[in-house]
$ cat upload_28.txt   # compact mmCIF, C-alpha atoms
# COMPACT_ATOMS: atom_id res chain seq x y z
CA MET L 1 0.00 0.00 0.00
CA LEU L 2 2.76 2.48 0.92
CA VAL L 3 4.67 1.70 -2.27
CA THR L 4 1.52 2.36 -4.29
CA ALA L 5 0.97 5.59 -2.39
CA GLY L 6 4.42 6.79 -3.32
CA CYS L 7 3.69 6.11 -6.97
CA ALA L 8 0.39 7.97 -6.81
CA SER L 9 1.69 11.26 -5.42
CA LEU L 10 2.73 13.96 -7.86
CA ALA L 11 5.50 15.98 -6.29
CA PRO L 12 6.29 19.32 -7.96
CA THR L 13 9.31 19.18 -10.23
CA ASP L 14 11.39 21.86 -11.89
CA ASP L 15 9.61 21.12 -15.17
CA ALA L 16 6.32 22.21 -13.61
CA TRP L 17 7.50 25.82 -13.35
CA PRO L 18 7.57 27.90 -16.53
CA LYS L 19 10.91 29.30 -17.58
CA VAL L 20 10.82 32.90 -18.83
CA ALA L 21 13.97 34.55 -20.16
CA VAL L 22 14.58 37.67 -18.08
CA PRO L 23 17.09 40.29 -19.31
CA ALA L 24 20.11 41.10 -17.15
CA VAL L 25 19.50 44.88 -17.22
CA TRP L 26 16.79 47.29 -18.23
CA SER L 27 17.28 48.30 -21.84
CA ALA L 28 15.57 51.68 -21.38
CA GLY L 29 17.17 52.68 -18.10
CA SER L 30 20.74 51.45 -17.85
CA ASN L 31 21.87 54.81 -16.52
CA ALA L 32 19.26 54.60 -13.74
CA THR L 33 20.28 51.14 -12.63
CA ALA L 34 22.50 50.90 -9.62
CA GLN L 35 25.84 49.33 -10.44
CA GLY L 36 26.92 47.39 -7.38
CA ALA L 37 24.53 49.35 -5.16
CA ALA L 38 21.35 48.32 -3.42
CA ALA L 39 18.11 49.20 -5.17
CA THR L 40 16.00 52.03 -3.78
CA SER L 41 13.37 50.87 -1.30
CA LEU L 42 9.93 51.67 -2.70
CA ALA L 43 7.65 50.24 0.01
CA GLN L 44 6.26 53.75 0.66
CA TRP L 45 7.42 55.50 -2.50
CA TRP L 46 4.81 58.27 -2.19
CA GLN L 47 6.86 59.79 0.62
CA ARG L 48 9.59 60.50 -1.95
CA LEU L 49 7.28 63.11 -3.49
CA ASP L 50 7.48 65.11 -0.22
CA ASP L 51 3.80 66.11 -0.21
CA ALA L 52 1.99 65.74 3.11
CA VAL L 53 -1.47 65.93 1.53
CA LEU L 54 -0.63 63.13 -0.91
CA THR L 55 0.77 60.96 1.87
CA THR L 56 -2.42 61.42 3.88
CA LEU L 57 -4.62 60.57 0.90
CA VAL L 58 -2.69 57.40 0.05
CA GLU L 59 -2.74 56.16 3.63
CA GLN L 60 -6.47 56.90 3.90
CA ALA L 61 -7.12 55.01 0.66
CA LEU L 62 -5.14 51.99 1.82
CA ARG L 63 -7.30 51.87 4.94
CA ALA L 64 -10.76 52.62 3.58
CA ASN L 65 -10.91 51.95 -0.16
CA THR L 66 -13.60 49.42 -1.06
CA SER L 67 -11.31 47.40 -3.34
CA VAL L 68 -8.84 46.92 -0.50
CA ARG L 69 -11.60 45.83 1.85
CA ILE L 70 -12.88 43.32 -0.69
CA ALA L 71 -9.37 41.90 -1.12
CA GLN L 72 -8.97 41.69 2.66
CA ALA L 73 -12.23 39.74 2.94
CA ALA L 74 -11.07 37.42 0.15
CA LEU L 75 -7.86 36.78 2.07
CA GLN L 76 -9.80 35.96 5.24
CA GLN L 77 -11.97 33.57 3.23
CA ALA L 78 -8.90 31.83 1.76
CA ARG L 79 -7.32 31.43 5.19
CA ALA L 80 -10.56 30.01 6.58
CA GLN L 81 -10.63 27.53 3.71
CA VAL L 82 -7.18 26.31 4.78
CA ASP L 83 -8.61 25.55 8.22
CA VAL L 84 -11.51 23.68 6.62
CA GLN L 85 -9.17 21.51 4.55
CA SER L 86 -6.78 20.92 7.46
CA ALA L 87 -9.63 19.70 9.65
CA GLY L 88 -10.09 16.76 7.29
CA LEU L 89 -6.73 15.33 8.36
CA LEU L 90 -7.89 14.92 11.96
CA PRO L 91 -10.38 12.48 13.48
CA SER L 92 -13.92 13.72 13.97
CA VAL L 93 -15.81 12.99 17.19
CA GLY L 94 -19.51 13.49 17.84
CA ALA L 95 -21.92 12.86 20.72
CA SER L 96 -25.46 11.55 20.43
CA ALA L 97 -28.37 10.58 22.66
CA SER L 98 -31.75 9.07 21.88
CA ALA L 99 -34.88 7.71 23.54
CA GLN L 100 -37.27 5.34 21.78
CA ARG L 101 -40.67 3.92 22.77
CA SER L 102 -42.02 1.02 20.72
CA ARG L 103 -45.05 -1.26 20.89
CA ALA L 104 -45.54 -4.71 19.34
CA ASN L 105 -48.25 -7.31 20.19
CA ASN L 106 -49.54 -5.23 23.05
CA ASN L 107 -46.03 -5.11 24.51
CA THR L 108 -44.55 -1.70 25.11
CA GLY L 109 -40.81 -1.14 25.49
CA ASN L 110 -38.42 1.75 25.97
CA THR L 111 -34.85 2.06 24.78
CA PHE L 112 -32.38 4.73 25.94
CA GLN L 113 -28.89 5.23 24.59
CA ALA L 114 -26.09 7.78 24.68
CA GLY L 115 -22.54 7.73 23.45
CA PHE L 116 -19.73 9.04 21.31
CA ASP L 117 -18.97 8.33 17.66
CA ALA L 118 -15.56 8.82 16.05
CA SER L 119 -14.28 8.50 12.50
CA TRP L 120 -10.98 9.05 10.74
CA GLU L 121 -9.79 8.73 7.17
CA PRO L 122 -6.07 7.87 6.96
CA ASP L 123 -4.62 9.93 4.12
CA VAL L 124 -2.67 7.04 2.61
CA PHE L 125 -2.35 8.44 -0.92
CA GLY L 126 -2.07 12.11 -0.03
CA ARG L 127 -5.42 13.29 -1.37
CA LEU L 128 -6.29 15.29 1.74
CA ARG L 129 -2.77 16.67 2.14
CA SER L 130 -2.84 17.84 -1.47
CA GLY L 131 -6.10 19.63 -0.78
CA VAL L 132 -4.51 21.40 2.18
CA SER L 133 -1.50 22.37 0.05
CA ALA L 134 -3.79 23.78 -2.64
CA SER L 135 -5.70 25.84 -0.07
CA GLU L 136 -2.48 27.16 1.45
CA ALA L 137 -1.25 28.22 -1.99
CA ASP L 138 -4.61 29.90 -2.64
CA ALA L 139 -4.24 31.80 0.63
CA ARG L 140 -0.77 32.98 -0.33
CA ALA L 141 -2.11 34.02 -3.74
CA ALA L 142 -4.91 35.97 -2.04
CA GLU L 143 -2.34 37.69 0.16
CA ALA L 144 -0.32 38.67 -2.91
CA SER L 145 -3.50 39.82 -4.65
CA LEU L 146 -4.24 42.10 -1.71
CA ALA L 147 -0.76 43.57 -2.05
CA ASP L 148 -1.35 44.03 -5.79
CA VAL L 149 -4.55 45.95 -5.07
CA GLN L 150 -2.62 48.16 -2.64
CA VAL L 151 0.09 48.82 -5.24
CA SER L 152 -2.46 49.77 -7.91
CA LEU L 153 -4.50 51.87 -5.50
CA ALA L 154 -1.54 53.92 -4.24
CA ALA L 155 -0.52 54.64 -7.83
CA GLU L 156 -4.06 55.58 -8.84
CA VAL L 157 -4.40 58.00 -5.93
CA ALA L 158 -1.05 59.60 -6.75
CA VAL L 159 -1.83 59.96 -10.47
CA ASN L 160 -5.22 61.53 -9.70
CA TYR L 161 -3.61 63.89 -7.19
CA ILE L 162 -0.91 64.90 -9.68
CA GLU L 163 -3.60 65.49 -12.31
CA LEU L 164 -5.49 67.70 -9.87
CA ARG L 165 -2.40 69.80 -9.09
CA GLY L 166 -1.65 70.03 -12.80
CA LEU L 167 -5.16 71.27 -13.50
CA GLN L 168 -4.76 73.89 -10.78
CA GLN L 169 -1.58 75.11 -12.46
CA ARG L 170 -3.27 75.20 -15.86
CA LEU L 171 -6.19 77.12 -14.38
CA ALA L 172 -3.79 79.67 -12.88
CA ILE L 173 -2.03 80.01 -16.24
CA ALA L 174 -5.33 80.56 -18.05
CA ARG L 175 -6.42 83.22 -15.56
CA SER L 176 -3.05 84.96 -15.76
CA ASN L 177 -3.15 85.02 -19.56
CA LEU L 178 -6.75 86.20 -19.47
CA ALA L 179 -5.73 89.11 -17.27
CA SER L 180 -2.95 89.99 -19.73
CA GLN L 181 -5.29 89.74 -22.71
CA GLN L 182 -7.89 91.90 -20.97
CA GLU L 183 -5.19 94.48 -20.36
CA THR L 184 -4.31 94.35 -24.05
CA LEU L 185 -8.02 94.71 -24.92
CA GLN L 186 -8.17 97.80 -22.73
CA ILE L 187 -5.20 99.27 -24.60
CA THR L 188 -6.84 98.63 -27.96
CA GLN L 189 -10.03 100.30 -26.76
CA TRP L 190 -8.06 103.39 -25.68
CA ARG L 191 -6.29 103.50 -29.01
CA LEU L 192 -9.61 103.13 -30.83
CA GLN L 193 -11.04 106.06 -28.90
CA ALA L 194 -7.96 108.08 -29.83
CA GLY L 195 -8.33 107.15 -33.46
CA LEU L 196 -5.01 105.30 -33.52
CA THR L 197 -6.42 101.89 -34.47
CA THR L 198 -9.49 100.27 -35.98
CA SER L 199 -12.46 98.35 -34.62
CA LEU L 200 -11.02 95.22 -36.24
CA VAL L 201 -8.09 95.25 -33.84
CA THR L 202 -10.37 95.72 -30.86
CA GLU L 203 -12.59 92.83 -31.90
CA GLN L 204 -9.56 90.60 -32.44
CA ALA L 205 -8.38 91.42 -28.92
CA ARG L 206 -11.85 90.70 -27.52
CA ALA L 207 -12.02 87.37 -29.39
CA ALA L 208 -8.65 86.27 -28.00
CA ALA L 209 -9.71 87.15 -24.44
CA GLU L 210 -13.02 85.31 -24.78
CA GLN L 211 -11.32 82.22 -26.15
CA THR L 212 -9.05 82.10 -23.13
CA ALA L 213 -11.97 82.74 -20.77
CA ALA L 214 -13.84 79.83 -22.35
CA GLN L 215 -11.14 77.42 -21.15
CA ILE L 216 -11.67 78.28 -17.50
CA PRO L 217 -15.08 76.59 -16.90
CA SER L 218 -13.80 73.37 -18.49
CA LEU L 219 -10.72 73.37 -16.26
CA GLU L 220 -12.85 74.09 -13.19
CA ALA L 221 -15.14 71.18 -14.05
CA SER L 222 -12.16 68.84 -14.48
CA LEU L 223 -10.82 70.01 -11.12
CA ALA L 224 -14.10 69.17 -9.41
CA GLN L 225 -14.15 65.72 -11.03
CA SER L 226 -10.58 65.06 -9.83
CA ARG L 227 -11.56 65.97 -6.28
CA TYR L 228 -14.55 63.62 -6.48
CA SER L 229 -12.35 60.79 -7.78
CA LEU L 230 -9.89 61.21 -4.93
CA ALA L 231 -12.72 61.25 -2.40
CA VAL L 232 -14.13 57.95 -3.70
CA LEU L 233 -10.66 56.38 -3.85
CA THR L 234 -10.19 57.22 -0.18
CA GLY L 235 -13.54 55.65 0.73
CA GLN L 236 -15.48 58.92 1.08
CA VAL L 237 -18.43 60.49 -0.67
CA PRO L 238 -17.77 62.90 -3.58
CA GLY L 239 -17.19 66.39 -2.26
CA ALA L 240 -15.67 65.27 1.03
CA LEU L 241 -12.24 66.58 0.00
CA ASP L 242 -13.34 69.89 -1.51
CA ALA L 243 -12.12 71.95 1.43
CA THR L 244 -8.87 69.97 1.78
CA LEU L 245 -7.96 70.34 -1.90
CA ALA L 246 -9.34 73.81 -2.54
CA ALA L 247 -6.01 75.62 -2.21
CA SER L 248 -3.63 75.37 -5.15
CA ALA L 249 -0.25 73.70 -4.68
CA PRO L 250 2.61 72.79 -7.02
CA VAL L 251 2.74 69.44 -8.77
CA PRO L 252 4.80 67.16 -6.49
CA GLN L 253 8.09 66.13 -8.08
CA PRO L 254 10.15 63.19 -6.74
CA THR L 255 13.89 63.28 -6.46
CA ALA L 256 15.78 62.23 -9.56
CA GLU L 257 17.93 59.66 -7.76
CA LEU L 258 16.42 56.22 -8.22
CA ALA L 259 18.48 53.05 -8.15
CA LEU L 260 16.67 50.28 -10.00
CA ALA L 261 16.91 46.63 -9.11
CA ILE L 262 17.86 44.19 -11.82
CA PRO L 263 14.85 42.73 -13.67
CA ALA L 264 14.87 39.39 -11.83
CA GLU L 265 14.77 41.14 -8.44
CA THR L 266 11.99 43.42 -9.66
CA LEU L 267 9.86 40.43 -10.62
CA ARG L 268 10.27 38.98 -7.14
CA GLN L 269 9.13 42.32 -5.73
CA ARG L 270 5.95 42.56 -7.79
CA PRO L 271 2.94 41.05 -5.97
CA ASP L 272 1.12 40.08 -9.17
CA VAL L 273 4.05 37.85 -10.13
CA ARG L 274 4.03 36.27 -6.68
CA ALA L 275 0.30 35.65 -6.94
CA ALA L 276 0.81 33.94 -10.30
CA GLU L 277 3.49 31.72 -8.76
CA GLN L 278 1.16 30.66 -5.96
CA ARG L 279 -1.61 29.86 -8.45
CA ILE L 280 0.79 27.44 -10.14
CA ALA L 281 1.50 25.83 -6.76
CA ALA L 282 -2.23 25.49 -6.09
CA ALA L 283 -2.82 23.98 -9.53
CA LEU L 284 0.00 21.46 -8.98
CA ALA L 285 -1.54 20.39 -5.67
CA ARG L 286 -4.94 19.92 -7.29
CA VAL L 287 -3.44 17.71 -9.99
CA SER L 288 -1.97 15.56 -7.22
CA GLN L 289 -5.29 15.57 -5.40
CA ALA L 290 -7.19 14.46 -8.51
CA ASP L 291 -4.66 11.70 -9.17
CA ALA L 292 -4.87 10.41 -5.59
CA ALA L 293 -8.66 10.18 -5.89
CA ARG L 294 -8.17 7.31 -8.35
CA TYR L 295 -6.80 5.06 -5.58
CA PRO L 296 -8.53 3.30 -2.68
CA SER L 297 -9.67 5.27 0.33
CA PHE L 298 -9.73 3.93 3.87
CA SER L 299 -11.72 4.90 6.93
CA LEU L 300 -11.82 3.92 10.58
CA GLY L 301 -14.86 4.41 12.73
CA GLY L 302 -15.97 3.52 16.20
CA SER L 303 -18.49 4.21 18.89
CA LEU L 304 -18.60 3.99 22.66
CA GLY L 305 -21.80 4.46 24.59
CA LEU L 306 -24.56 3.26 26.90
CA ARG L 307 -27.74 1.44 25.98
CA ALA L 308 -30.52 0.32 28.34
CA LEU L 309 -34.24 -0.12 28.63
CA THR L 310 -34.58 2.41 31.45
CA LEU L 311 -32.80 5.61 32.33
CA GLY L 312 -31.63 4.19 35.64
CA ALA L 313 -30.03 1.18 33.96
CA LEU L 314 -27.73 3.42 31.93
CA SER L 315 -25.42 3.68 34.93
CA GLY L 316 -24.87 -0.04 35.12
CA GLY L 317 -21.84 -1.77 33.69
CA GLY L 318 -23.95 -3.97 31.43
CA ALA L 319 -25.18 -0.92 29.54
CA VAL L 320 -21.80 -0.19 27.94
CA THR L 321 -21.67 -0.80 24.20
CA SER L 322 -18.78 -0.34 21.80
CA ALA L 323 -18.09 -0.89 18.12
CA LEU L 324 -15.11 -0.58 15.80
CA LEU L 325 -15.37 -0.47 12.01
CA GLY L 326 -12.76 -0.37 9.29
CA SER L 327 -13.68 0.05 5.64
CA VAL L 328 -12.07 0.48 2.27
CA SER L 329 -13.55 2.00 -0.88
CA ILE L 330 -12.04 1.14 -4.25
CA PRO L 331 -13.16 2.90 -7.42
CA LEU L 332 -13.74 0.27 -10.08
CA LEU L 333 -15.92 1.57 -12.89
CA ASP L 334 -16.63 5.30 -13.14
CA GLY L 335 -16.73 5.74 -16.88
CA GLY L 336 -13.30 7.38 -16.88
CA ALA L 337 -14.40 10.28 -14.67
CA ALA L 338 -11.38 10.06 -12.34
CA ARG L 339 -8.87 10.12 -15.20
CA ALA L 340 -10.81 12.93 -16.86
CA GLN L 341 -10.62 14.91 -13.62
CA VAL L 342 -6.83 14.57 -13.69
CA ARG L 343 -6.84 15.95 -17.22
CA VAL L 344 -9.08 18.80 -16.08
CA GLN L 345 -6.65 19.80 -13.34
CA SER L 346 -3.67 19.33 -15.68
CA ALA L 347 -5.26 21.76 -18.12
CA ALA L 348 -5.83 24.21 -15.24
CA LEU L 349 -2.14 23.85 -14.37
CA GLU L 350 -1.17 24.70 -17.94
CA GLN L 351 -3.40 27.77 -17.79
CA ALA L 352 -1.66 28.88 -14.59
CA ARG L 353 1.74 28.37 -16.22
CA VAL L 354 0.83 30.44 -19.27
CA ALA L 355 -0.76 33.11 -17.06
CA TYR L 356 2.49 33.31 -15.10
CA GLU L 357 4.49 33.81 -18.31
CA ALA L 358 2.08 36.54 -19.40
CA THR L 359 2.37 38.26 -16.03
CA VAL L 360 6.16 38.24 -16.19
CA LEU L 361 6.23 39.61 -19.74
CA THR L 362 3.71 42.31 -18.82
CA ALA L 363 5.80 43.25 -15.79
CA LEU L 364 8.91 43.65 -17.93
CA GLN L 365 6.97 45.72 -20.45
CA ASP L 366 5.52 47.95 -17.70
CA VAL L 367 8.97 48.89 -16.41
CA GLU L 368 10.46 49.46 -19.86
CA ASN L 369 7.47 51.59 -20.93
CA ALA L 370 7.67 53.67 -17.76
CA LEU L 371 11.40 54.26 -18.22
CA VAL L 372 10.97 55.30 -21.85
CA SER L 373 8.09 57.66 -21.00
CA LEU L 374 10.01 59.21 -18.13
CA ARG L 375 13.09 59.83 -20.21
CA GLY L 376 11.08 61.31 -23.11
CA ASP L 377 8.96 63.57 -20.92
CA ARG L 378 12.01 64.86 -19.08
CA GLU L 379 13.61 65.92 -22.34
CA LYS L 380 10.33 67.39 -23.54
CA LEU L 381 9.92 69.40 -20.33
CA GLU L 382 13.43 70.83 -20.65
CA ARG L 383 12.68 72.07 -24.18
CA LEU L 384 9.25 73.42 -23.28
CA THR L 385 10.59 75.31 -20.29
CA ALA L 386 13.06 77.11 -22.54
CA ALA L 387 10.30 77.79 -25.07
CA ALA L 388 8.02 79.19 -22.35
CA ASP L 389 10.75 81.59 -21.17
CA ALA L 390 11.25 82.82 -24.74
CA ALA L 391 7.50 83.14 -25.31
CA ARG L 392 7.11 85.14 -22.10
CA ASN L 393 9.81 87.59 -23.16
CA ALA L 394 8.36 87.84 -26.67
CA ALA L 395 4.86 88.56 -25.33
CA LEU L 396 6.18 91.27 -23.00
CA LEU L 397 8.21 92.93 -25.78
CA ALA L 398 5.32 92.74 -28.23
CA GLN L 399 2.92 94.38 -25.80
CA GLN L 400 5.42 97.18 -25.04
CA ARG L 401 6.13 97.84 -28.73
CA TYR L 402 2.42 97.78 -29.57
CA SER L 403 1.73 100.31 -26.81
CA SER L 404 4.37 102.51 -28.44
CA GLY L 405 2.83 102.02 -31.87
CA LEU L 406 5.89 100.28 -33.31
CA ILE L 407 4.20 97.01 -34.42
CA ASP L 408 0.73 95.95 -35.45
CA PHE L 409 -1.66 94.06 -33.22
CA GLN L 410 -1.31 90.79 -35.10
CA ALA L 411 2.15 90.31 -33.62
CA VAL L 412 0.73 90.79 -30.12
CA LEU L 413 -1.96 88.18 -30.72
CA GLU L 414 0.55 85.65 -32.01
CA THR L 415 2.90 86.10 -29.07
CA GLN L 416 0.06 85.81 -26.55
CA ARG L 417 -1.26 82.64 -28.16
CA THR L 418 2.23 81.16 -28.18
CA LEU L 419 2.76 82.08 -24.53
CA LEU L 420 -0.52 80.49 -23.43
CA SER L 421 0.18 77.34 -25.45
CA THR L 422 3.72 76.86 -24.19
CA GLN L 423 2.87 77.57 -20.57
CA GLU L 424 0.01 75.09 -20.70
CA SER L 425 2.30 72.52 -22.32
CA VAL L 426 4.84 73.03 -19.54
CA ALA L 427 2.15 72.45 -16.90
CA ILE L 428 0.87 69.32 -18.66
CA THR L 429 4.36 67.89 -19.14
CA THR L 430 5.37 68.69 -15.56
CA ALA L 431 2.42 66.63 -14.36
CA ALA L 432 3.30 63.91 -16.90
CA VAL L 433 6.85 63.61 -15.53
CA ALA L 434 5.52 63.19 -12.00
CA ALA L 435 2.95 60.63 -13.21
CA ASP L 436 5.73 58.77 -15.06
CA HIS L 437 7.58 58.40 -11.76
CA VAL L 438 4.44 57.01 -10.15
CA ARG L 439 3.94 54.50 -12.96
CA LEU L 440 7.57 53.48 -12.66
CA TYR L 441 7.18 52.94 -8.92
CA LYS L 442 4.10 50.81 -9.61
CA ALA L 443 5.85 48.83 -12.37
CA LEU L 444 8.74 48.10 -10.01
CA GLY L 445 6.30 46.66 -7.48
CA GLY L 446 6.49 49.52 -4.99
CA GLY L 447 3.70 50.21 -2.56
CA TRP L 448 3.69 47.21 -0.23
CA LYS L 449 5.97 45.58 2.30
CA THR L 450 7.40 42.17 1.47

$ encode --input "upload_28.txt" --output "structure tokens"
Amino acid sequence: MLVTAGCASLAPTDDAWPKVAVPAVWSAGSNATAQGAAATSLAQWWQRLDDAVLTTLVEQALRANTSVRIAQAALQQARAQVDVQSAGLLPSVGASASAQRSRANNNTGNTFQAGFDASWEPDVFGRLRSGVSASEADARAAEASLADVQVSLAAEVAVNYIELRGLQQRLAIARSNLASQQETLQITQWRLQAGLTTSLVTEQARAAAEQTAAQIPSLEASLAQSRYSLAVLTGQVPGALDATLAASAPVPQPTAELALAIPAETLRQRPDVRAAEQRIAAALARVSQADAARYPSFSLGGSLGLRALTLGALSGGGAVTSALLGSVSIPLLDGGAARAQVRVQSAALEQARVAYEATVLTALQDVENALVSLRGDREKLERLTAAADAARNAALLAQQRYSSGLIDFQAVLETQRTLLSTQESVAITTAAVAADHVRLYKALGGGWKT
């Protein structure tokens, strides 16, 4: 029997784990990778942005967000299922009592009995142990899934917060440019009254000012929506953060120093990869469990109790009854269901293996994409900042020369449009650089403690 049991068990082998080729370094961020230095700890990466409001929002979201609470409940369920499966390895004991009154041929009799019943199934072929192993792997996968939810949530809160601060900057830029354009409109009206210009110029100035003013309601609406999103992400009703986020603040920018781990270490850090690994372990255990179900099962049972015709007689020694039962169940003909169940679980194992490969490849892509975006947006921001400085000087000079009558109004309009466009592009790209950092932190698996 023991020899057969050894043949029936399916122990995990190296071939059961998928092999994915992982590069030695990041192709898009070799200059950001630490050479011989420890990688930057990203467990609470949001603190690197040095923004107290953001830190408060992330911590509130990790406590109260509905997705986190659902994942926590799923983890509790998985851990309880481990206890359920583990209980099957132990004997079960129950107590019972009964009283019976019967009548036959005008004879009436009573029967009283009380006792204990016990049963136990020796796990000879490992079916029950495999079930426990599968449940334990499911619990570890649920724990990793909770961490994955926390990673995604922290990044989502940070991106929404960065977007809100970027919108505040864009709104300030639009209002500042509107004030400048209204000043220019006032100048054109004075010149029209003095007969130094035409109504065409005044209407052009009014059109430019109205176009800029038209952007403000849209930006204000987007700001309100961002506040509502952050409130819901932190487990609150929309509008709960209006007072907290009413005041404008700069877009948080993390420090440039970031030492990346090598790709293999990054994959071990990411909770979604760990969850995929545990799903493979659970699938392996279920294959073993299905295979063990094809072999005989054994059970031991017994009872110890008292049985008598009267309640008083239950205390006598002759009332003691006992029984011991051993049984074996051997599957003979099941139409191939047991073998088919093994194939079912083997197919589930293959799905878990392929899902793991997909998760690893996606993880590698996430990091490379984030590095490329960060590098491109940094270069873009540097160019746009220089362009915005030049546009600001050009707009100031154009307005001064127009006031002196040295140039026509068309040059003023062009410089003002260019200034508004470049300043808005700077604000958008500044927020994009900060969001790129957040996405990089998320891709690296930051946001939870291993």

$ closest_residue --input "upload_28.txt" --among "L:Ala104, L:Ile162, L:Leu230, L:Ala323" --to "His437 of chain L" --atoms "all atoms listed in the file"
L:Ile162

$ atom_distance --input "upload_28.txt" --atom1 "atom CA of Arg392 of chain L" --atom2 "atom CA of Arg378 of chain L"
21.1 Å

$ closest_residue --input "upload_28.txt" --among "L:Val251, L:Leu413, L:Ile262, L:Ala387" --to "Ala431 of chain L" --atoms "all atoms listed in the file"
L:Val251

$ atom_distance --input "upload_28.txt" --atom1 "atom CA of Leu304 of chain L" --atom2 "atom CA of Gly88 of chain L"
21.7 Å

$ closest_residue --input "upload_28.txt" --among "L:Ala352, L:Leu192, L:Ala340, L:Leu260" --to "Leu284 of chain L" --atoms "all atoms listed in the file"
L:Ala352

$ closest_atom_pairs --input "upload_28.txt" --of "segment 167-270 of chain L" --to "segment 62-77 of chain L" --cutoff "9 Å" --atoms "only C-alpha atoms" --output "JSON lines"
{"residue": "L:Val232", "atom": "CA", "partner": "L:Asn65", "partner_atom": "CA", "distance": 7.7}
{"residue": "L:Leu233", "atom": "CA", "partner": "L:Asn65", "partner_atom": "CA", "distance": 5.8}
{"residue": "L:Thr234", "atom": "CA", "partner": "L:Asn65", "partner_atom": "CA", "distance": 5.3}
{"residue": "L:Gly235", "atom": "CA", "partner": "L:Asn65", "partner_atom": "CA", "distance": 4.6}
{"residue": "L:Gln236", "atom": "CA", "partner": "L:Ala64", "partner_atom": "CA", "distance": 8.3}

$ residues_around --input "upload_28.txt" --residues "Val93 of chain L" --least-positions-apart "5" --cutoff "10 Å" --atoms "all atoms listed in the file" --output "PDB file with C-alpha atoms, in the frame of the given file"
ATOM      1  CA  PHE L 116     -19.730   9.040  21.310  1.00  0.00           C
ATOM      2  CA  ASP L 117     -18.970   8.330  17.660  1.00  0.00           C
ATOM      3  CA  ALA L 118     -15.560   8.820  16.050  1.00  0.00           C
ATOM      4  CA  SER L 119     -14.280   8.500  12.500  1.00  0.00           C
ATOM      5  CA  TRP L 120     -10.980   9.050  10.740  1.00  0.00           C
ATOM      6  CA  GLY L 301     -14.860   4.410  12.730  1.00  0.00           C
ATOM      7  CA  GLY L 302     -15.970   3.520  16.200  1.00  0.00           C
ATOM      8  CA  SER L 303     -18.490   4.210  18.890  1.00  0.00           C
TER       9      SER L 303
END

$ residues_near_point --input "upload_28.txt" --point "(7.6, 28.1, -17.6)" --cutoff "8 Å" --atoms "all atoms listed in the file" --output "ChimeraX atom specification"
/L:15-20,353-354,356-357

$ write_last_selection --input "upload_28.txt" --atoms "C-alpha atoms" --output "mmCIF file, keeping the file's coordinate frame"
data_model
loop_
_atom_site.group_PDB
_atom_site.id
_atom_site.type_symbol
_atom_site.label_atom_id
_atom_site.label_comp_id
_atom_site.auth_asym_id
_atom_site.auth_seq_id
_atom_site.Cartn_x
_atom_site.Cartn_y
_atom_site.Cartn_z
ATOM 1 C CA ASP L 15 9.610 21.120 -15.170
ATOM 2 C CA ALA L 16 6.320 22.210 -13.610
ATOM 3 C CA TRP L 17 7.500 25.820 -13.350
ATOM 4 C CA PRO L 18 7.570 27.900 -16.530
ATOM 5 C CA LYS L 19 10.910 29.300 -17.580
ATOM 6 C CA VAL L 20 10.820 32.900 -18.830
ATOM 7 C CA ARG L 353 1.740 28.370 -16.220
ATOM 8 C CA VAL L 354 0.830 30.440 -19.270
ATOM 9 C CA TYR L 356 2.490 33.310 -15.100
ATOM 10 C CA GLU L 357 4.490 33.810 -18.310
#

$ atom_distance --input "upload_28.txt" --atom1 "atom CA of Ala347 of chain L" --atom2 "atom CA of Ala144 of chain L"
23.3 Å
